[in-house]
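Undergrad: Contents of structure_15.txt (compact mmCIF, C-alpha atoms and all ligand atoms) are below:
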# COMPACT_ATOMS: atom_id res chain seq x y z
CA MET A 76 -7.36 29.91 -32.20
CA ASN A 77 -9.41 31.15 -29.23
CA PRO A 78 -9.98 28.40 -26.68
CA PRO A 79 -13.66 27.69 -26.12
CA PRO A 80 -15.04 28.21 -22.62
CA PRO A 81 -14.66 25.02 -20.58
CA PRO A 82 -17.78 22.86 -20.95
CA ASP A 83 -19.75 22.03 -17.85
CA ALA A 84 -18.43 18.61 -16.85
CA ALA A 85 -21.97 17.45 -16.07
CA SER A 86 -23.34 18.44 -19.50
CA PRO A 87 -23.40 16.09 -22.46
CA PRO A 88 -21.86 17.39 -25.70
CA ALA A 89 -24.10 19.73 -27.68
CA VAL A 90 -23.68 17.30 -30.60
CA LEU A 91 -22.55 13.70 -30.48
CA ALA A 92 -22.68 11.82 -33.80
CA GLU A 93 -21.47 8.22 -33.78
CA GLY A 94 -21.36 6.32 -37.03
CA LEU A 95 -23.94 8.74 -38.44
CA ALA A 96 -24.63 7.58 -41.99
CA PHE A 97 -26.85 8.61 -44.86
CA THR A 98 -27.15 7.56 -48.51
CA TYR A 99 -29.41 9.20 -51.07
CA ALA A 100 -31.79 6.91 -52.93
CA GLY A 101 -29.87 5.45 -55.87
CA GLY A 102 -26.59 5.85 -53.98
CA ALA A 103 -25.71 9.20 -55.62
CA GLY A 104 -24.20 10.64 -52.45
CA ARG A 105 -23.39 9.39 -48.98
CA VAL A 106 -22.16 10.74 -45.67
CA HIS A 107 -20.47 8.98 -42.76
CA ALA A 108 -19.62 11.05 -39.71
CA ASP A 109 -18.33 10.81 -36.15
CA LEU A 110 -18.32 14.13 -34.35
CA ALA A 111 -18.40 15.49 -30.81
CA LEU A 112 -18.89 19.20 -30.22
CA ASP A 113 -19.28 20.87 -26.84
CA ALA A 114 -21.29 23.95 -25.99
CA GLY A 115 -19.19 27.05 -26.59
CA ALA A 116 -17.01 25.46 -29.27
CA MET A 117 -16.78 26.27 -32.96
CA ALA A 118 -16.09 23.64 -35.60
CA ALA A 119 -15.40 24.02 -39.31
CA VAL A 120 -16.17 21.46 -42.00
CA GLU A 121 -14.23 21.82 -45.24
CA GLY A 122 -14.44 19.71 -48.35
CA PRO A 123 -14.70 19.95 -52.11
CA SER A 124 -17.96 20.52 -53.94
CA GLY A 125 -20.13 17.41 -53.79
CA SER A 126 -18.30 15.93 -50.78
CA GLY A 127 -21.46 16.01 -48.66
CA LYS A 128 -21.24 19.22 -46.63
CA SER A 129 -24.85 20.30 -47.14
CA THR A 130 -26.02 16.73 -46.55
CA LEU A 131 -24.12 16.65 -43.24
CA LEU A 132 -25.70 19.95 -42.17
CA ALA A 133 -29.13 18.58 -43.07
CA LEU A 134 -28.46 15.47 -40.93
CA LEU A 135 -27.18 17.48 -37.95
CA GLY A 136 -30.09 19.91 -38.39
CA LEU A 137 -32.61 17.04 -38.18
CA ILE A 138 -33.83 17.80 -41.70
CA LEU A 139 -32.67 14.45 -43.08
CA SER A 140 -32.96 11.22 -41.08
CA PRO A 141 -29.84 9.02 -40.98
CA SER A 142 -29.90 5.51 -42.36
CA ALA A 143 -27.61 4.31 -39.56
CA GLY A 144 -25.75 5.50 -36.49
CA SER A 145 -26.61 7.73 -33.59
CA LEU A 146 -27.09 11.48 -33.25
CA ARG A 147 -27.50 13.03 -29.82
CA ILE A 148 -28.35 16.72 -29.43
CA ALA A 149 -27.60 17.87 -25.87
CA GLY A 150 -27.94 14.26 -24.75
CA THR A 151 -31.22 13.51 -26.53
CA GLU A 152 -30.97 10.49 -28.84
CA THR A 153 -32.73 11.78 -31.93
CA GLY A 154 -33.25 8.37 -33.56
CA ALA A 155 -35.83 7.47 -30.92
CA LEU A 156 -37.98 10.57 -31.47
CA SER A 157 -41.32 10.73 -33.24
CA PRO A 158 -41.44 13.09 -36.26
CA ALA A 159 -43.31 15.66 -34.13
CA ASP A 160 -40.69 15.49 -31.38
CA ARG A 161 -37.88 15.80 -33.93
CA ASP A 162 -39.54 18.97 -35.25
CA LEU A 163 -39.88 20.32 -31.73
CA LEU A 164 -36.24 19.56 -30.90
CA ARG A 165 -35.14 21.24 -34.14
CA ARG A 166 -37.20 24.36 -33.46
CA ARG A 167 -36.05 24.62 -29.84
CA SER A 168 -32.44 23.55 -30.05
CA ILE A 169 -31.04 24.24 -33.50
CA GLY A 170 -30.51 27.49 -35.37
CA ILE A 171 -29.63 27.28 -39.04
CA VAL A 172 -28.01 29.94 -41.24
CA LEU A 173 -28.82 28.85 -44.76
CA GLN A 174 -26.66 29.74 -47.73
CA ASP A 175 -29.36 31.92 -49.27
CA LEU A 176 -30.18 33.34 -45.77
CA GLY A 177 -33.94 33.34 -46.35
CA LEU A 178 -34.40 36.81 -44.85
CA LEU A 179 -37.71 38.62 -45.32
CA THR A 180 -36.66 41.63 -47.36
CA PHE A 181 -39.82 43.65 -46.60
CA LEU A 182 -38.93 43.65 -42.87
CA ASN A 183 -36.14 45.48 -41.09
CA ALA A 184 -33.22 43.86 -39.26
CA TRP A 185 -34.76 43.42 -35.81
CA GLU A 186 -38.08 42.25 -37.27
CA ASN A 187 -36.25 39.49 -39.15
CA VAL A 188 -34.59 38.37 -35.92
CA ALA A 189 -37.86 38.52 -33.95
CA ALA A 190 -39.56 36.49 -36.70
CA ALA A 191 -37.67 33.43 -35.41
CA PHE A 192 -40.29 33.30 -32.64
CA GLY A 193 -43.33 33.56 -34.91
CA PRO A 194 -45.51 36.30 -36.32
CA ARG A 195 -45.90 38.46 -33.17
CA LEU A 196 -42.77 40.46 -33.80
CA ALA A 197 -43.29 43.27 -31.29
CA ARG A 198 -43.22 40.83 -28.36
CA HIS A 199 -39.62 39.96 -29.17
CA ARG A 200 -38.43 43.42 -30.15
CA ALA A 201 -36.16 43.97 -27.13
CA VAL A 202 -34.37 40.63 -27.31
CA ALA A 203 -33.90 40.97 -31.09
CA ARG A 204 -32.48 44.48 -30.80
CA ASP A 205 -30.19 43.52 -27.91
CA LEU A 206 -28.77 40.56 -29.79
CA LEU A 207 -28.16 42.59 -32.96
CA GLY A 208 -26.35 45.11 -30.77
CA ASP A 209 -24.18 42.34 -29.27
CA LEU A 210 -23.32 41.21 -32.80
CA GLY A 211 -22.10 44.69 -33.78
CA MET A 212 -25.25 45.79 -35.61
CA GLU A 213 -26.53 48.38 -33.12
CA GLN A 214 -26.59 51.14 -35.75
CA LEU A 215 -28.64 49.04 -38.16
CA VAL A 216 -31.39 47.44 -36.06
CA ASP A 217 -34.08 49.53 -37.79
CA ALA A 218 -32.60 49.31 -41.29
CA PRO A 219 -34.67 47.55 -43.95
CA VAL A 220 -32.92 44.31 -44.87
CA SER A 221 -33.20 45.31 -48.53
CA GLU A 222 -30.78 48.17 -47.77
CA LEU A 223 -28.12 46.09 -45.96
CA SER A 224 -24.85 44.83 -47.41
CA GLY A 225 -24.14 41.13 -47.85
CA GLY A 226 -22.12 40.94 -44.64
CA GLN A 227 -24.74 42.87 -42.67
CA ARG A 228 -27.48 40.54 -43.94
CA GLN A 229 -25.32 37.59 -42.98
CA ARG A 230 -25.12 38.95 -39.41
CA VAL A 231 -28.91 39.42 -39.29
CA ALA A 232 -29.24 35.77 -40.34
CA VAL A 233 -26.78 34.73 -37.60
CA ALA A 234 -28.81 36.72 -35.05
CA ARG A 235 -32.03 35.10 -36.25
CA ALA A 236 -30.46 31.64 -35.87
CA ALA A 237 -29.16 32.51 -32.38
CA VAL A 238 -32.01 34.49 -30.84
CA LYS A 239 -33.81 31.49 -29.33
CA GLU A 240 -30.53 30.49 -27.66
CA PRO A 241 -30.22 27.16 -29.45
CA VAL A 242 -27.84 24.43 -28.34
CA LEU A 243 -26.43 24.24 -31.86
CA ILE A 244 -25.99 26.76 -34.67
CA LEU A 245 -25.31 25.39 -38.15
CA ALA A 246 -24.05 27.82 -40.80
CA ASP A 247 -23.69 26.94 -44.47
CA GLU A 248 -20.76 28.91 -45.92
CA PRO A 249 -21.50 32.01 -43.85
CA THR A 250 -18.53 33.97 -45.22
CA SER A 251 -18.66 33.03 -48.89
CA GLY A 252 -18.41 36.01 -51.22
CA LEU A 253 -17.39 38.40 -48.42
CA ASP A 254 -14.16 40.40 -48.27
CA PRO A 255 -11.76 39.44 -45.44
CA ASP A 256 -12.83 42.23 -43.05
CA THR A 257 -16.53 41.50 -43.51
CA ALA A 258 -15.90 37.76 -43.21
CA ALA A 259 -14.06 38.44 -39.93
CA ALA A 260 -17.06 40.43 -38.65
CA VAL A 261 -19.45 37.58 -39.51
CA LEU A 262 -17.12 35.06 -37.89
CA GLY A 263 -16.94 37.34 -34.84
CA SER A 264 -20.75 37.21 -34.63
CA LEU A 265 -20.66 33.41 -34.68
CA ARG A 266 -17.92 33.46 -32.02
CA SER A 267 -20.17 35.69 -29.89
CA CYS A 268 -22.93 33.09 -30.24
CA ALA A 269 -20.48 30.40 -29.07
CA ARG A 270 -19.49 32.54 -26.08
CA ARG A 271 -23.18 32.80 -25.21
CA GLY A 272 -23.20 28.99 -25.00
CA ALA A 273 -24.06 27.59 -28.43
CA ALA A 274 -22.00 25.01 -30.25
CA VAL A 275 -21.35 26.39 -33.74
CA LEU A 276 -20.61 24.27 -36.79
CA LEU A 277 -19.91 26.01 -40.07
CA VAL A 278 -19.17 24.83 -43.56
CA THR A 279 -16.48 26.75 -45.37
CA HIS A 280 -14.21 26.67 -48.38
CA ASP A 281 -11.91 29.21 -46.72
CA SER A 282 -9.03 27.70 -44.75
CA ALA A 283 -8.43 31.04 -42.98
CA VAL A 284 -11.99 30.86 -41.63
CA ALA A 285 -11.54 27.20 -40.65
CA GLY A 286 -8.28 28.14 -38.92
CA ARG A 287 -10.17 30.44 -36.56
CA CYS A 288 -12.40 27.59 -35.35
CA ASP A 289 -11.61 25.32 -32.41
CA GLN A 290 -12.03 22.12 -34.43
CA ARG A 291 -11.38 21.47 -38.12
CA HIS A 292 -12.89 18.59 -40.03
CA VAL A 293 -12.76 17.61 -43.66
CA LEU A 294 -15.29 15.71 -45.74
CA ASP A 295 -13.78 13.49 -48.39
CA ALA A 296 -16.30 11.66 -50.59
CA GLY A 297 -18.78 11.84 -47.72
CA VAL A 298 -16.46 10.61 -44.96
CA LEU A 299 -15.82 13.13 -42.17
CA SER A 300 -12.46 13.15 -40.44
CA ALA A 301 -10.77 15.52 -38.02
CA VAL A 302 -7.87 17.57 -39.33
CA SER A 303 -5.02 17.25 -36.84
CA GLU A 304 -2.60 20.09 -36.07
CA GLU A 305 0.14 17.86 -37.58
CA LYS A 306 -1.66 17.64 -40.93
CA LEU A 307 -2.00 21.43 -40.92
CA GLY A 308 1.77 21.72 -40.47
N1 LIG B 401 -31.55 15.34 -53.10
C1 LIG B 401 -30.53 14.61 -53.57
N2 LIG B 401 -30.74 13.42 -54.18
C2 LIG B 401 -29.74 12.66 -54.61
N3 LIG B 401 -28.43 12.99 -54.51
C3 LIG B 401 -28.14 14.16 -53.91
C4 LIG B 401 -29.17 15.04 -53.41
N4 LIG B 401 -28.58 16.13 -52.88
C5 LIG B 401 -27.24 15.96 -53.03
N5 LIG B 401 -26.99 14.78 -53.65
C6 LIG B 401 -25.66 14.23 -53.97
O1 LIG B 401 -24.98 14.01 -52.73
C7 LIG B 401 -23.61 14.39 -52.85
C8 LIG B 401 -23.27 15.40 -51.78
O2 LIG B 401 -24.00 16.60 -52.06
P1 LIG B 401 -23.92 17.88 -51.09
O3 LIG B 401 -24.84 18.91 -51.65
O4 LIG B 401 -24.12 17.44 -49.69
O5 LIG B 401 -22.40 18.30 -51.30
P2 LIG B 401 -21.66 19.67 -50.88
O6 LIG B 401 -20.34 19.26 -50.33
O7 LIG B 401 -22.55 20.47 -49.99
O8 LIG B 401 -21.49 20.39 -52.28
P3 LIG B 401 -21.35 21.98 -52.62
O9 LIG B 401 -20.07 22.45 -51.98
O10 LIG B 401 -21.26 21.97 -54.11
O11 LIG B 401 -22.59 22.65 -52.10
C9 LIG B 401 -23.40 14.87 -54.28
O12 LIG B 401 -22.90 13.78 -55.03
C10 LIG B 401 -24.80 15.23 -54.73
O13 LIG B 401 -24.94 15.04 -56.14
Can the structure from this file be put into structure tokens for me?
Ligand SMILES: Nc1ncnc2c1ncn2[C@@H]1O[C@H](COP(=O)(O)OP(=O)(O)OP(=O)(O)O)[C@@H](O)[C@H]1O
TA:
Amino acid sequence: MNPPPPPDAASPPAVLAEGLAFTYAGGAGRVHADLALDAGAMAAVEGPSGSGKSTLLALLGLILSPSAGSLRIAGTETGALSPADRDLLRRRSIGIVLQDLGLLTFLNAWENVAAAFGPRLARHRAVARDLLGDLGMEQLVDAPVSELSGGQRQRVAVARAAVKEPVLILADEPTSGLDPDTAAAVLGSLRSCARRGAAVLLVTHDSAVAGRCDQRHVLDAGVLSAVSEEKLG
């Protein structure tokens, strides 16, 4: 595993969840999580289908509100925020790579990345192109997304999540369905985002991917726990 850059001692963790809990109406599914993740670090969350991985991402991404516990993003206690301030914090501080990516297939790669800022794409052309270049996509910045491979699209989605320099990047199974080389390229893009200062948390079913992260966690029936080196053997 690559060690993350040392966090600034004065900075709070990018994410600090303490007793974070959520239960769907009717009690169909629940999540309970304690988690601390510093800027520059990558964490993996593994767990079987239905164990609560997407629900956890939605909680950390301020899409769902917890029923109990505390969630701090870069030191801001999110439970105390108004709905408008939660939205603002999410837009400013969190980048999300959804499982279905949600790319605009009628735009090219850099336009999709620039779209993170809003409809005035040309204003953000340089930063979008530079970031795609940093993520190994320099040859494809002008390619229509409809003509990109699955792994290339995944990297455009990572760039879109990262371009506003969020505190936290959440990625839902970013390497699923990719061959090992392509998965490594996507993981390399997320590692680049961590080196640029984001905390990255990804959900994966692939233990090789989880093994390349700095922290490993497992969700079992909604309860998150850290996987120790001992347990990994
Ligand atoms: N909107 C919802 N309303 C009620 N229950 C839900 C809702 N969404 C998910 N659940 C339940 O919550 C539990 C956790 O679901 P979640 O989608 O978070 O799991 P997951 O680990 O992401 O699964 P998968 O790997 O299959 O995507 C499941 O029992 C699921 O049926």
Undergrad: Which residues of chain A sit at most 12 Å from ligand LIG 401 (chain B), using only C-alpha atoms and all ligand atoms? Give each one's shortest atom pair and distance in Å (one decimal place), in chain and ascending residue order, as JSON lines.
TA:
{"residue": "A:Phe97", "atom": "CA", "partner": "B:LIG401", "partner_atom": "O1", "distance": 9.7}
{"residue": "A:Thr98", "atom": "CA", "partner": "B:LIG401", "partner_atom": "O1", "distance": 8.0}
{"residue": "A:Tyr99", "atom": "CA", "partner": "B:LIG401", "partner_atom": "C2", "distance": 5.0}
{"residue": "A:Ala100", "atom": "CA", "partner": "B:LIG401", "partner_atom": "C2", "distance": 6.3}
{"residue": "A:Gly101", "atom": "CA", "partner": "B:LIG401", "partner_atom": "C2", "distance": 7.3}
{"residue": "A:Gly102", "atom": "CA", "partner": "B:LIG401", "partner_atom": "N3", "distance": 7.4}
{"residue": "A:Ala103", "atom": "CA", "partner": "B:LIG401", "partner_atom": "N3", "distance": 4.8}
{"residue": "A:Gly104", "atom": "CA", "partner": "B:LIG401", "partner_atom": "O1", "distance": 3.5}
{"residue": "A:Arg105", "atom": "CA", "partner": "B:LIG401", "partner_atom": "O1", "distance": 6.2}
{"residue": "A:Val106", "atom": "CA", "partner": "B:LIG401", "partner_atom": "C8", "distance": 7.8}
{"residue": "A:His107", "atom": "CA", "partner": "B:LIG401", "partner_atom": "C8", "distance": 11.4}
{"residue": "A:Val120", "atom": "CA", "partner": "B:LIG401", "partner_atom": "O6", "distance": 9.6}
{"residue": "A:Glu121", "atom": "CA", "partner": "B:LIG401", "partner_atom": "O6", "distance": 8.4}
{"residue": "A:Gly122", "atom": "CA", "partner": "B:LIG401", "partner_atom": "O6", "distance": 6.2}
{"residue": "A:Pro123", "atom": "CA", "partner": "B:LIG401", "partner_atom": "O9", "distance": 5.9}
{"residue": "A:Ser124", "atom": "CA", "partner": "B:LIG401", "partner_atom": "O9", "distance": 3.5}
{"residue": "A:Gly125", "atom": "CA", "partner": "B:LIG401", "partner_atom": "O5", "distance": 3.5}
{"residue": "A:Ser126", "atom": "CA", "partner": "B:LIG401", "partner_atom": "O6", "distance": 3.9}
{"residue": "A:Gly127", "atom": "CA", "partner": "B:LIG401", "partner_atom": "O4", "distance": 3.2}
{"residue": "A:Lys128", "atom": "CA", "partner": "B:LIG401", "partner_atom": "O6", "distance": 3.8}
{"residue": "A:Ser129", "atom": "CA", "partner": "B:LIG401", "partner_atom": "O7", "distance": 3.7}
{"residue": "A:Thr130", "atom": "CA", "partner": "B:LIG401", "partner_atom": "O4", "distance": 3.7}
{"residue": "A:Leu131", "atom": "CA", "partner": "B:LIG401", "partner_atom": "O4", "distance": 6.5}
{"residue": "A:Leu132", "atom": "CA", "partner": "B:LIG401", "partner_atom": "O4", "distance": 8.1}
{"residue": "A:Ala133", "atom": "CA", "partner": "B:LIG401", "partner_atom": "O4", "distance": 8.4}
{"residue": "A:Leu134", "atom": "CA", "partner": "B:LIG401", "partner_atom": "O4", "distance": 10.0}
{"residue": "A:Ile138", "atom": "CA", "partner": "B:LIG401", "partner_atom": "N1", "distance": 11.9}
{"residue": "A:Leu139", "atom": "CA", "partner": "B:LIG401", "partner_atom": "N1", "distance": 10.1}
{"residue": "A:Leu173", "atom": "CA", "partner": "B:LIG401", "partner_atom": "O11", "distance": 11.5}
{"residue": "A:Gln174", "atom": "CA", "partner": "B:LIG401", "partner_atom": "O11", "distance": 9.3}
{"residue": "A:Asp175", "atom": "CA", "partner": "B:LIG401", "partner_atom": "O11", "distance": 11.8}
{"residue": "A:Ala246", "atom": "CA", "partner": "B:LIG401", "partner_atom": "O7", "distance": 11.9}
{"residue": "A:Asp247", "atom": "CA", "partner": "B:LIG401", "partner_atom": "O7", "distance": 8.6}
{"residue": "A:Glu248", "atom": "CA", "partner": "B:LIG401", "partner_atom": "O9", "distance": 8.9}
{"residue": "A:Ser251", "atom": "CA", "partner": "B:LIG401", "partner_atom": "O9", "distance": 11.1}
{"residue": "A:Leu277", "atom": "CA", "partner": "B:LIG401", "partner_atom": "O7", "distance": 11.7}
{"residue": "A:Val278", "atom": "CA", "partner": "B:LIG401", "partner_atom": "O7", "distance": 8.5}
{"residue": "A:Thr279", "atom": "CA", "partner": "B:LIG401", "partner_atom": "O9", "distance": 8.7}
{"residue": "A:His280", "atom": "CA", "partner": "B:LIG401", "partner_atom": "O9", "distance": 8.1}
{"residue": "A:Asp281", "atom": "CA", "partner": "B:LIG401", "partner_atom": "O9", "distance": 11.8}
{"residue": "A:Val293", "atom": "CA", "partner": "B:LIG401", "partner_atom": "O6", "distance": 10.2}
{"residue": "A:Leu294", "atom": "CA", "partner": "B:LIG401", "partner_atom": "O6", "distance": 7.7}
{"residue": "A:Asp295", "atom": "CA", "partner": "B:LIG401", "partner_atom": "O6", "distance": 8.9}
{"residue": "A:Ala296", "atom": "CA", "partner": "B:LIG401", "partner_atom": "C8", "distance": 8.0}
{"residue": "A:Gly297", "atom": "CA", "partner": "B:LIG401", "partner_atom": "C8", "distance": 7.0}
{"residue": "A:Val298", "atom": "CA", "partner": "B:LIG401", "partner_atom": "C8", "distance": 10.8}
{"residue": "A:Leu299", "atom": "CA", "partner": "B:LIG401", "partner_atom": "O6", "distance": 11.2}
Undergrad: Looking at only C-alpha atoms, which of A:Ala114, A:Leu156, A:Leu223, A:Ala232 is the one that sits closest to Ala190 of chain A?
TA: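 Looking at the shortest contact to Ala190 of chain A, the residue is A:Ala232.
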Undergrad: Identify which of the residues A:Ala116, A:Glu93, A:Lys239, A:Asp160 lies closest to Ala189 of chain A, counting all atoms listed in the file when measuring atom-to-atom distances.
TA: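 The shortest atom-to-atom distance to Ala189 of chain A comes from A:Lys239.
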Undergrad: Nearest to Phe181 of chain A among A:Thr151, A:Ser221, A:Thr250, A:Gln214, with distances taken over all atoms listed in the file: which residue is it?
TA: A:Ser221
Undergrad: So, counting all atoms listed in the file, which residue among A:Gly193, A:Pro219, A:Gly226, A:Pro88 is closest to Gly115 of chain A?
TA: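 Result for the nearest residue to Gly115 of chain A: A:Pro88.
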Undergrad: To one decimal place in Å, what is the distance between atom CA of Asp254 of chain A and atom CA of Val231 of chain A?
TA: 17.3 Å
Undergrad: Excluding Gly94 of chain A and its own-chain neighbours fewer than 2 positions away, which residues fall within 10 Å of it when counting all atoms listed in the file? Please give them as an NGL selection string.
TA: :A and (91-92 or 96-97 or 106-110 or 141 or 143-146)
Undergrad: Which polymer residues have any atom within 9 Å of an atom of Leu179 of chain A, counting only C-alpha atoms, with same-chain residues fewer than 6 positions away left out, as a ChimeraX atom specification?
TA: /A:186-187,220-221
Undergrad: Would you list the contacts of Ala237 of chain A as a VMD selection string, taking every protein, DNA or RNA residue within 9 Å and counting all atoms listed in the file, but skipping same-chain residues closer than 4 positions in sequence?
TA: chain A and resid 169 to 171 188 206 232 to 233 241 243 to 244 265 268 273
Undergrad: Using atom CA of Phe192 of chain A and atom CA of Ser168 of chain A as the two end points, give the distance in Å to one decimal.
TA: 12.8 Å
Undergrad: For segment 177-252 of chain A in the structure I just supplied, write out C-alpha atoms - as a compact mmCIF listing (two decimals), in the first residue's frame.
TA:
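The resulting file, selection_26.txt, is reproduced below:
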# COMPACT_ATOMS: atom_id res chain seq x y z
CA GLY A 177 -24.26 9.97 -15.18
CA LEU A 178 -22.05 11.40 -17.96
CA LEU A 179 -23.63 13.53 -20.67
CA THR A 180 -23.02 11.43 -23.76
CA PHE A 181 -23.61 14.30 -26.22
CA LEU A 182 -20.60 16.17 -24.76
CA ASN A 183 -16.92 15.37 -25.04
CA ALA A 184 -14.61 14.44 -22.16
CA TRP A 185 -13.48 17.91 -21.07
CA GLU A 186 -17.00 19.33 -21.42
CA ASN A 187 -18.30 16.66 -19.04
CA VAL A 188 -15.63 17.61 -16.50
CA ALA A 189 -16.28 21.36 -16.91
CA ALA A 190 -20.02 20.70 -16.46
CA ALA A 191 -19.32 20.14 -12.74
CA PHE A 192 -19.17 23.94 -12.45
CA GLY A 193 -22.43 24.63 -14.29
CA PRO A 194 -23.53 25.33 -17.83
CA ARG A 195 -20.76 27.79 -18.85
CA LEU A 196 -18.38 25.10 -19.99
CA ALA A 197 -15.84 27.23 -21.85
CA ARG A 198 -14.92 29.13 -18.67
CA HIS A 199 -13.61 25.92 -17.14
CA ARG A 200 -12.03 24.44 -20.25
CA ALA A 201 -8.40 24.83 -19.12
CA VAL A 202 -8.85 23.33 -15.66
CA ALA A 203 -10.91 20.43 -17.07
CA ARG A 204 -8.32 19.65 -19.74
CA ASP A 205 -5.42 19.91 -17.29
CA LEU A 206 -7.05 17.54 -14.84
CA LEU A 207 -7.88 14.98 -17.53
CA GLY A 208 -4.24 15.17 -18.58
CA ASP A 209 -3.11 14.55 -14.99
CA LEU A 210 -5.38 11.51 -14.88
CA GLY A 211 -3.77 10.00 -17.99
CA MET A 212 -6.46 11.09 -20.47
CA GLU A 213 -4.50 13.77 -22.36
CA GLN A 214 -5.07 12.07 -25.72
CA LEU A 215 -8.83 11.91 -25.18
CA VAL A 216 -9.83 15.32 -23.83
CA ASP A 217 -11.74 16.16 -27.03
CA ALA A 218 -13.22 12.69 -27.57
CA PRO A 219 -17.01 12.38 -27.43
CA VAL A 220 -17.92 10.42 -24.31
CA SER A 221 -20.07 8.16 -26.49
CA GLU A 222 -16.85 6.94 -28.15
CA LEU A 223 -14.91 6.19 -24.93
CA SER A 224 -14.39 2.78 -23.35
CA GLY A 225 -15.84 1.90 -19.95
CA GLY A 226 -12.55 2.58 -18.16
CA GLN A 227 -12.05 5.88 -20.00
CA ARG A 228 -15.57 6.99 -19.08
CA GLN A 229 -14.88 6.01 -15.50
CA ARG A 230 -11.82 8.31 -15.50
CA VAL A 231 -13.88 11.18 -16.95
CA ALA A 232 -16.35 10.64 -14.09
CA VAL A 233 -13.47 10.68 -11.57
CA ALA A 234 -12.19 13.93 -13.10
CA ARG A 235 -15.67 15.46 -12.93
CA ALA A 236 -15.94 14.50 -9.25
CA ALA A 237 -12.47 15.93 -8.53
CA VAL A 238 -12.36 19.10 -10.61
CA LYS A 239 -13.76 21.40 -7.92
CA GLU A 240 -11.07 20.10 -5.54
CA PRO A 241 -13.49 18.60 -3.04
CA VAL A 242 -12.47 17.56 0.46
CA LEU A 243 -14.00 14.14 -0.13
CA ILE A 244 -14.49 11.95 -3.19
CA LEU A 245 -16.95 9.06 -2.91
CA ALA A 246 -16.87 6.38 -5.61
CA ASP A 247 -19.44 3.61 -5.92
CA GLU A 248 -17.74 0.51 -7.34
CA PRO A 249 -15.49 2.52 -9.67
CA THR A 250 -13.72 -0.56 -11.06
CA SER A 251 -16.62 -2.97 -11.45
CA GLY A 252 -16.71 -4.69 -14.83
